[in-house]
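Peer 1: Got a structure for you, questions after.
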Amino acid sequence: MSAVRDLQGRLWAIVGGSSPLARAFAHRVAARGASVLLVGRDLDDLARTAADVSLRHQVEVLVHGCDLGDPDQVGLLARRLQSEAEAGRLDLLLAAAIMPSQAAMEADPALVPPLWQVNVTAPIDLLLRLAPAWQRAGRGTVVVVGSVAGDRGRLSNHLYGASKAALATFTAGFRNRMARAGVHVLTVKPGFLDTGMTWGLPGIFLPGQPDPVAGTILAAALNRKDVLYVPGFWWLILTILKHIPEPIFKRLKI
Ligand SMILES: NC(=O)c1ccc[n+]([C@@H]2O[C@H](COP(=O)([O-])OP(=O)(O)OC[C@H]3O[C@@H](n4cnc5c(N)ncnc54)[C@H](OP(=O)(O)O)[C@@H]3O)[C@@H](O)[C@H]2O)c1
């Protein structure tokens with residue numbers, strides 16, 4: 001058990017609780033004394049993580065079933081979290097997303113609305129429903145996991161990238177709105193991570209490991225950083241990528 005229990009009294013709701021990144025984040029906040037609510041579809045997986053986190057760190061860890069593809073379930077989740085936000089106890093990590101292949105979505109555009117629902121509509125819906133309670137409480141931390149893929153539309157991944165760009169644009173404005181009430185909002189832009197989302201895909205290099213990445217995200221959230229590229233070298237890669245002139249960029253096969 002960590003000696004520093006500075007998050008005692010906080011409740012971290014973690015949406016996408018079966019993601020390795022989210023799991024590592026749950027351990028990180030629990031080690032500092034926070035209670036945890038793991039949110040996701042796979043209740044068996046969440047229950048196993050809950051038991052592990054709770055045993056190791058001696059904190060309360062609960063689970064909540066929610067399919068972000070179903071707006072009614074997002075509404076129920078918001079209702080469960082509203083009282084915690086109102087009490088000034090709620091912090092939130094939004095780590096759920098899907099990334100169907102670009103080729104699959106080009107062949108079957110019917111795959112795009114579900115991508116949009118999970119990656120964009122559901123997170124925005126949840127944040128909008130919780131915002132008034134957070135504003136009244138004047139306290140809380142929100143971490144939204146986007147992606148470097150949202151910084152520029154590339155040939156190989158621009159449908160997923162568009163969803164992350166939309167989420168990042170919303171999050172920037174939401175940060176402004178919430179900052180006025182003392183609630184902090186962090187946008188995280190990971191590069192490649194060593195998780196199921198990218199497992200076996202071609203072209204993956206120097207993937208970040210979930211545990212150190214989760215540690216970096218928590219430190220950034222607690223230091224009230226606004227935007228985090230992680231691992232950090234992705235900031236440089238994206239700065240270069242964003243400055244490539246369009247006539248050249250459109251010829252690149254990346
Ligand atoms: N891996 C990368 O290289 C990378 C790079 C940049 C950004 N990111 C972002 O990092 C975050 C974590 O992803 P990851 O890499 O850890 O991938 P992952 O292992 O595939 O995790 C994705 C999470 O989203 C959940 N999810 C998917 N659809 C859902 C739905 N309809 N309802 C509720 N939950 C749903 C999954 O739950 P189930 O277990 O139920 O499917 C899982 O917990 C995501 O926001 C991702 O976009 C990842």
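Chain labels follow the order of the structure tokens: the first chain is A, the next B, and so on; residue numbering restarts at 1 in every chain, and ligands are counted from 1 in their shown order.
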Which residues are near ligand 1 in this structure, taking near to mean any atom at most 8 Å from a ligand atom and counting only C-alpha atoms and all ligand atoms? Format them as JSON, numbers by chain.

Peer 2: {"A": [15, 16, 17, 18, 19, 20, 21, 22, 39, 40, 41, 42, 45, 66, 67, 68, 69, 70, 94, 95, 96, 97, 98, 99, 118, 119, 144, 145, 146, 147, 148, 149, 164, 189, 190, 191, 192, 193, 194, 195, 196, 197, 198, 199, 207, 208, 210]}

Peer 1: Grab the residues selected above and save them as a compact mmCIF listing (two decimals), in the first residue's frame with C-alpha atoms.

Peer 2:
```txt
# COMPACT_ATOMS: atom_id res chain seq x y z
CA VAL A 15 -15.24 4.45 -18.02
CA GLY A 16 -13.71 1.72 -20.15
CA GLY A 17 -12.65 -0.19 -17.05
CA SER A 18 -11.51 -3.27 -18.99
CA SER A 19 -8.89 -1.29 -20.96
CA PRO A 20 -5.34 -2.01 -19.75
CA LEU A 21 -4.76 1.73 -19.50
CA ALA A 22 -7.86 2.18 -17.33
CA VAL A 39 -17.65 1.21 -15.70
CA GLY A 40 -17.95 -1.01 -18.75
CA ARG A 41 -19.72 -3.85 -20.55
CA ASP A 42 -17.78 -6.88 -19.36
CA ASP A 45 -13.67 -8.61 -16.22
CA CYS A 66 -22.83 0.37 -19.12
CA ASP A 67 -22.79 -0.08 -22.88
CA LEU A 68 -21.95 3.33 -24.33
CA GLY A 69 -23.67 2.25 -27.51
CA ASP A 70 -27.00 2.58 -25.66
CA LEU A 94 -13.10 8.51 -19.95
CA ALA A 95 -11.00 5.79 -21.58
CA ALA A 96 -13.54 3.81 -23.63
CA ALA A 97 -13.36 3.86 -27.41
CA ILE A 98 -13.52 1.60 -30.44
CA MET A 99 -11.33 1.61 -33.52
CA VAL A 118 -19.09 5.29 -28.44
CA ASN A 119 -16.19 7.67 -29.13
CA VAL A 144 -10.69 12.57 -21.48
CA VAL A 145 -8.56 10.13 -23.46
CA GLY A 146 -8.34 11.26 -27.07
CA SER A 147 -5.59 10.31 -29.49
CA VAL A 148 -2.82 11.81 -31.61
CA ALA A 149 -4.91 10.38 -34.48
CA LYS A 164 -11.00 11.83 -31.63
CA LYS A 189 -3.42 12.39 -26.55
CA PRO A 190 -1.67 9.04 -26.48
CA GLY A 191 0.48 7.82 -29.32
CA PHE A 192 0.71 4.06 -29.73
CA LEU A 193 -0.09 2.09 -26.56
CA ASP A 194 0.56 -1.57 -25.91
CA THR A 195 -3.11 -2.62 -25.57
CA GLY A 196 -5.69 -4.72 -27.36
CA MET A 197 -6.66 -1.82 -29.60
CA THR A 198 -3.39 -1.93 -31.53
CA TRP A 199 -2.35 -5.53 -30.93
CA PRO A 207 4.26 1.63 -27.85
CA GLY A 208 3.72 3.12 -24.40
CA PRO A 210 -0.16 1.10 -19.73
```

Peer 1: Where does DSSP see alpha helix (DSSP H) in range 61-163 of chain A, if you list the residues as a PyMOL selection string?

Peer 2: chain A and resi 71-86+102-107+112-116+122-137+158-163

Peer 1: Using only N, CA and C atoms, please write the residues we just selected to a file, as a short mmCIF file (atom, residue, chain, number, x, y, z; two decimals), in the first residue's frame.

Peer 2:
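part27.cif, freshly written:
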```cif
data_model
loop_
_atom_site.label_atom_id
_atom_site.label_comp_id
_atom_site.auth_asym_id
_atom_site.auth_seq_id
_atom_site.Cartn_x
_atom_site.Cartn_y
_atom_site.Cartn_z
N PRO A 71 -27.79 4.90 -25.49
CA PRO A 71 -27.95 6.20 -24.81
C PRO A 71 -28.69 6.09 -23.48
N ASP A 72 -29.63 5.14 -23.37
CA ASP A 72 -30.36 5.00 -22.09
C ASP A 72 -29.41 4.59 -20.97
N GLN A 73 -28.46 3.70 -21.31
CA GLN A 73 -27.51 3.26 -20.29
C GLN A 73 -26.55 4.39 -19.90
N VAL A 74 -26.25 5.25 -20.86
CA VAL A 74 -25.40 6.42 -20.55
C VAL A 74 -26.16 7.34 -19.58
N GLY A 75 -27.47 7.48 -19.82
CA GLY A 75 -28.30 8.30 -18.94
C GLY A 75 -28.33 7.74 -17.52
N LEU A 76 -28.44 6.40 -17.41
CA LEU A 76 -28.46 5.76 -16.09
C LEU A 76 -27.12 5.96 -15.37
N LEU A 77 -26.03 5.86 -16.13
CA LEU A 77 -24.70 6.08 -15.54
C LEU A 77 -24.60 7.52 -15.01
N ALA A 78 -25.07 8.46 -15.82
CA ALA A 78 -25.01 9.87 -15.39
C ALA A 78 -25.80 10.05 -14.10
N ARG A 79 -26.96 9.40 -14.04
CA ARG A 79 -27.79 9.55 -12.83
C ARG A 79 -27.05 9.00 -11.60
N ARG A 80 -26.36 7.87 -11.80
CA ARG A 80 -25.63 7.28 -10.67
C ARG A 80 -24.50 8.22 -10.20
N LEU A 81 -23.89 8.92 -11.16
CA LEU A 81 -22.72 9.74 -10.81
C LEU A 81 -23.08 11.14 -10.33
N GLN A 82 -24.30 11.59 -10.66
CA GLN A 82 -24.66 12.98 -10.36
C GLN A 82 -24.52 13.32 -8.87
N SER A 83 -24.97 12.43 -8.00
CA SER A 83 -24.93 12.75 -6.56
C SER A 83 -23.48 12.84 -6.07
N GLU A 84 -22.61 12.03 -6.68
CA GLU A 84 -21.19 12.07 -6.29
C GLU A 84 -20.56 13.39 -6.75
N ALA A 85 -20.94 13.82 -7.97
CA ALA A 85 -20.42 15.10 -8.47
C ALA A 85 -20.94 16.24 -7.61
N GLU A 86 -22.22 16.14 -7.27
CA GLU A 86 -22.87 17.18 -6.43
C GLU A 86 -22.16 17.29 -5.08
N GLN A 102 -10.07 1.22 -40.77
CA GLN A 102 -10.48 2.22 -41.77
C GLN A 102 -11.08 1.51 -42.99
N ALA A 103 -10.42 0.43 -43.42
CA ALA A 103 -10.89 -0.28 -44.62
C ALA A 103 -12.29 -0.86 -44.39
N ALA A 104 -12.52 -1.41 -43.20
CA ALA A 104 -13.83 -1.99 -42.90
C ALA A 104 -14.91 -0.90 -42.94
N MET A 105 -14.60 0.27 -42.41
CA MET A 105 -15.61 1.35 -42.39
C MET A 105 -15.82 1.94 -43.78
N GLU A 106 -14.76 1.97 -44.60
CA GLU A 106 -14.94 2.47 -45.97
C GLU A 106 -15.82 1.51 -46.76
N ALA A 107 -15.66 0.21 -46.48
CA ALA A 107 -16.46 -0.79 -47.20
C ALA A 107 -17.90 -0.83 -46.68
N VAL A 112 -19.87 3.43 -39.14
CA VAL A 112 -19.42 4.74 -38.64
C VAL A 112 -20.30 5.28 -37.50
N PRO A 113 -21.65 5.24 -37.62
CA PRO A 113 -22.45 5.78 -36.50
C PRO A 113 -22.16 5.10 -35.15
N PRO A 114 -21.98 3.76 -35.09
CA PRO A 114 -21.63 3.18 -33.78
C PRO A 114 -20.28 3.69 -33.26
N LEU A 115 -19.31 3.90 -34.17
CA LEU A 115 -18.02 4.48 -33.76
C LEU A 115 -18.26 5.85 -33.14
N TRP A 116 -19.08 6.64 -33.81
CA TRP A 116 -19.35 8.00 -33.34
C TRP A 116 -20.09 7.97 -32.00
N ALA A 122 -21.54 9.50 -26.70
CA ALA A 122 -21.72 9.05 -25.32
C ALA A 122 -20.85 9.85 -24.34
N PRO A 123 -19.55 10.04 -24.62
CA PRO A 123 -18.76 10.86 -23.69
C PRO A 123 -19.30 12.27 -23.52
N ILE A 124 -19.71 12.89 -24.65
CA ILE A 124 -20.23 14.27 -24.55
C ILE A 124 -21.54 14.28 -23.76
N ASP A 125 -22.40 13.31 -24.05
CA ASP A 125 -23.68 13.20 -23.34
C ASP A 125 -23.43 13.09 -21.83
N LEU A 126 -22.53 12.22 -21.44
CA LEU A 126 -22.23 12.01 -20.02
C LEU A 126 -21.70 13.29 -19.39
N LEU A 127 -20.75 13.93 -20.06
CA LEU A 127 -20.14 15.15 -19.49
C LEU A 127 -21.16 16.28 -19.38
N LEU A 128 -22.02 16.42 -20.37
CA LEU A 128 -23.03 17.49 -20.30
C LEU A 128 -24.01 17.24 -19.16
N ARG A 129 -24.36 15.97 -18.95
CA ARG A 129 -25.30 15.67 -17.86
C ARG A 129 -24.68 15.91 -16.49
N LEU A 130 -23.36 15.70 -16.37
CA LEU A 130 -22.71 15.87 -15.07
C LEU A 130 -22.28 17.31 -14.81
N ALA A 131 -22.16 18.09 -15.87
CA ALA A 131 -21.59 19.44 -15.74
C ALA A 131 -22.26 20.30 -14.67
N PRO A 132 -23.61 20.39 -14.66
CA PRO A 132 -24.23 21.29 -13.65
C PRO A 132 -23.90 20.88 -12.22
N ALA A 133 -23.86 19.57 -11.94
CA ALA A 133 -23.54 19.12 -10.58
C ALA A 133 -22.10 19.49 -10.23
N TRP A 134 -21.18 19.29 -11.18
CA TRP A 134 -19.78 19.68 -10.93
C TRP A 134 -19.68 21.19 -10.70
N GLN A 135 -20.43 21.94 -11.51
CA GLN A 135 -20.36 23.41 -11.38
C GLN A 135 -20.85 23.85 -10.00
N ARG A 136 -21.94 23.20 -9.53
CA ARG A 136 -22.45 23.58 -8.21
C ARG A 136 -21.44 23.22 -7.13
N ALA A 137 -20.79 22.06 -7.29
CA ALA A 137 -19.83 21.61 -6.27
C ALA A 137 -18.53 22.41 -6.32
N HIS A 158 -8.46 7.96 -40.77
CA HIS A 158 -9.10 9.26 -40.55
C HIS A 158 -10.53 9.18 -40.04
N LEU A 159 -11.15 8.00 -40.05
CA LEU A 159 -12.50 7.94 -39.47
C LEU A 159 -12.42 7.89 -37.95
N TYR A 160 -11.58 7.00 -37.43
CA TYR A 160 -11.31 7.01 -35.98
C TYR A 160 -10.72 8.37 -35.60
N GLY A 161 -9.78 8.89 -36.41
CA GLY A 161 -9.14 10.17 -36.12
C GLY A 161 -10.17 11.30 -36.03
N ALA A 162 -11.16 11.27 -36.92
CA ALA A 162 -12.19 12.32 -36.90
C ALA A 162 -12.98 12.27 -35.60
N SER A 163 -13.23 11.06 -35.11
CA SER A 163 -13.98 10.96 -33.84
C SER A 163 -13.15 11.54 -32.69
#
```

Peer 1: Restricting the calculation to only C-alpha atoms, which member of A:Asp44, A:Leu218, A:Arg5, A:Val53 is positioned closest to Asp91 in chain A?

Peer 2: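 For Asp91 in chain A, the nearest of the candidates is A:Leu218.
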
Peer 1: Between CA of Ala110 in chain A and CA of Gly153 in chain A, what is the distance in Å, rounded to a tenth?

Peer 2: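 About the pair CA of Ala110 in chain A and CA of Gly153 in chain A: they are 20.1 Å apart.
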
Peer 1: Please indicate the distance in Å from CA of Arg251 in chain A to CA of Arg154 in chain A, rounded to one decimal place.

Peer 2: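 Between CA of Arg251 in chain A and CA of Arg154 in chain A the gap is 10.4 Å.
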
Peer 1: If we count only C-alpha atoms, what is near range 172-179 of chain A at a cut-off of 9 Å, once residues fewer than 3 positions away on the same chain are taken out, given as an mmCIF file with N, CA and C atoms, in the first residue's frame?

Peer 2:
```
data_model
loop_
_atom_site.group_PDB
_atom_site.id
_atom_site.type_symbol
_atom_site.label_atom_id
_atom_site.label_comp_id
_atom_site.auth_asym_id
_atom_site.auth_seq_id
_atom_site.Cartn_x
_atom_site.Cartn_y
_atom_site.Cartn_z
ATOM 1 N N LEU A 127 -20.750 13.934 -20.065
ATOM 2 C CA LEU A 127 -20.137 15.150 -19.492
ATOM 3 C C LEU A 127 -21.162 16.277 -19.376
ATOM 4 N N LEU A 128 -22.024 16.419 -20.374
ATOM 5 C CA LEU A 128 -23.034 17.485 -20.305
ATOM 6 C C LEU A 128 -24.011 17.239 -19.163
ATOM 7 N N ALA A 131 -22.162 18.095 -15.872
ATOM 8 C CA ALA A 131 -21.586 19.442 -15.741
ATOM 9 C C ALA A 131 -22.264 20.299 -14.672
ATOM 10 N N TRP A 134 -21.183 19.293 -11.179
ATOM 11 C CA TRP A 134 -19.785 19.681 -10.935
ATOM 12 C C TRP A 134 -19.684 21.191 -10.705
ATOM 13 N N GLN A 135 -20.426 21.944 -11.513
ATOM 14 C CA GLN A 135 -20.361 23.411 -11.380
ATOM 15 C C GLN A 135 -20.849 23.852 -10.004
ATOM 16 N N GLY A 138 -18.155 22.855 -7.536
ATOM 17 C CA GLY A 138 -16.919 23.631 -7.679
ATOM 18 C C GLY A 138 -15.662 22.808 -7.500
ATOM 19 N N VAL A 142 -11.594 15.866 -14.540
ATOM 20 C CA VAL A 142 -12.088 15.066 -15.658
ATOM 21 C C VAL A 142 -10.909 14.790 -16.591
ATOM 22 N N LEU A 167 -13.928 14.859 -30.331
ATOM 23 C CA LEU A 167 -13.890 14.768 -28.867
ATOM 24 C C LEU A 167 -12.926 15.810 -28.291
ATOM 25 N N ALA A 168 -11.783 16.006 -28.955
ATOM 26 C CA ALA A 168 -10.794 16.980 -28.458
ATOM 27 C C ALA A 168 -11.328 18.402 -28.556
ATOM 28 N N THR A 169 -12.040 18.696 -29.633
ATOM 29 C CA THR A 169 -12.602 20.048 -29.792
ATOM 30 C C THR A 169 -13.648 20.309 -28.718
ATOM 31 N N GLY A 182 -13.960 25.872 -11.272
ATOM 32 C CA GLY A 182 -12.925 25.203 -10.464
ATOM 33 C C GLY A 182 -12.796 23.721 -10.740
ATOM 34 N N VAL A 183 -13.442 23.253 -11.820
ATOM 35 C CA VAL A 183 -13.344 21.833 -12.192
ATOM 36 C C VAL A 183 -12.291 21.718 -13.303
ATOM 37 N N HIS A 184 -11.367 20.783 -13.133
ATOM 38 C CA HIS A 184 -10.280 20.695 -14.102
ATOM 39 C C HIS A 184 -10.524 19.618 -15.159
ATOM 40 N N VAL A 185 -10.218 19.928 -16.402
ATOM 41 C CA VAL A 185 -10.416 18.989 -17.513
ATOM 42 C C VAL A 185 -9.087 18.808 -18.257
ATOM 43 N N LEU A 186 -8.636 17.565 -18.329
ATOM 44 C CA LEU A 186 -7.385 17.224 -19.024
ATOM 45 C C LEU A 186 -7.697 16.439 -20.294
ATOM 46 N N THR A 187 -7.120 16.859 -21.414
ATOM 47 C CA THR A 187 -7.195 16.082 -22.656
ATOM 48 C C THR A 187 -5.904 15.283 -22.782
ATOM 49 N N ASP A 226 -3.404 20.891 -19.015
ATOM 50 C CA ASP A 226 -4.574 20.942 -19.900
ATOM 51 C C ASP A 226 -4.540 19.860 -20.983
ATOM 52 N N VAL A 227 -3.396 19.734 -21.647
ATOM 53 C CA VAL A 227 -3.275 18.768 -22.753
ATOM 54 C C VAL A 227 -1.978 17.982 -22.553
#
```

Peer 1: Looking at A:Val120, A:Phe233, A:Asp151, A:Asp211, which one is nearest to Thr171 in chain A, with distances taken over only C-alpha atoms?

Peer 2: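 Looking at the shortest contact to Thr171 in chain A, the residue is A:Val120.
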
Peer 1: Excluding same-chain residues fewer than 5 positions from Gly215 in chain A, what lies within 12 Å of it counting only C-alpha atoms, as JSON, numbers by chain?

Peer 2: {"A": [21, 22, 23, 24, 25, 26, 27, 28, 29, 31, 32, 208, 209, 210, 220, 221, 222, 230, 231]}

Peer 1: Quick one, how far is CA of Leu92 in chain A from CA of Ala34 in chain A?

Peer 2: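 Atom-to-atom, CA of Leu92 in chain A to CA of Ala34 in chain A, that is 11.8 Å.
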
Peer 1: Write down as a PyMOL selection string the residues of range 15-251 of chain A whose backbone DSSP state falls under strand (DSSP E).

Peer 2: chain A and resi 15+35-40+61-65+90-94+141-145+184-190+227-230

Peer 1: Determine the nearest neighbour of Ala87 in chain A from the options A:Leu38, A:Leu11, A:Glu60, A:Ser156, counting only C-alpha atoms.

Peer 2: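 Looking only at the distances to Ala87 in chain A, the closest residue turns out to be A:Leu11.
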
Peer 1: Looking at only C-alpha atoms, which of A:Arg224, A:Arg89, A:Arg139, A:Arg152 is the one that sits closest to Arg180 in chain A?

Peer 2: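 The shortest atom-to-atom distance to Arg180 in chain A comes from A:Arg139.
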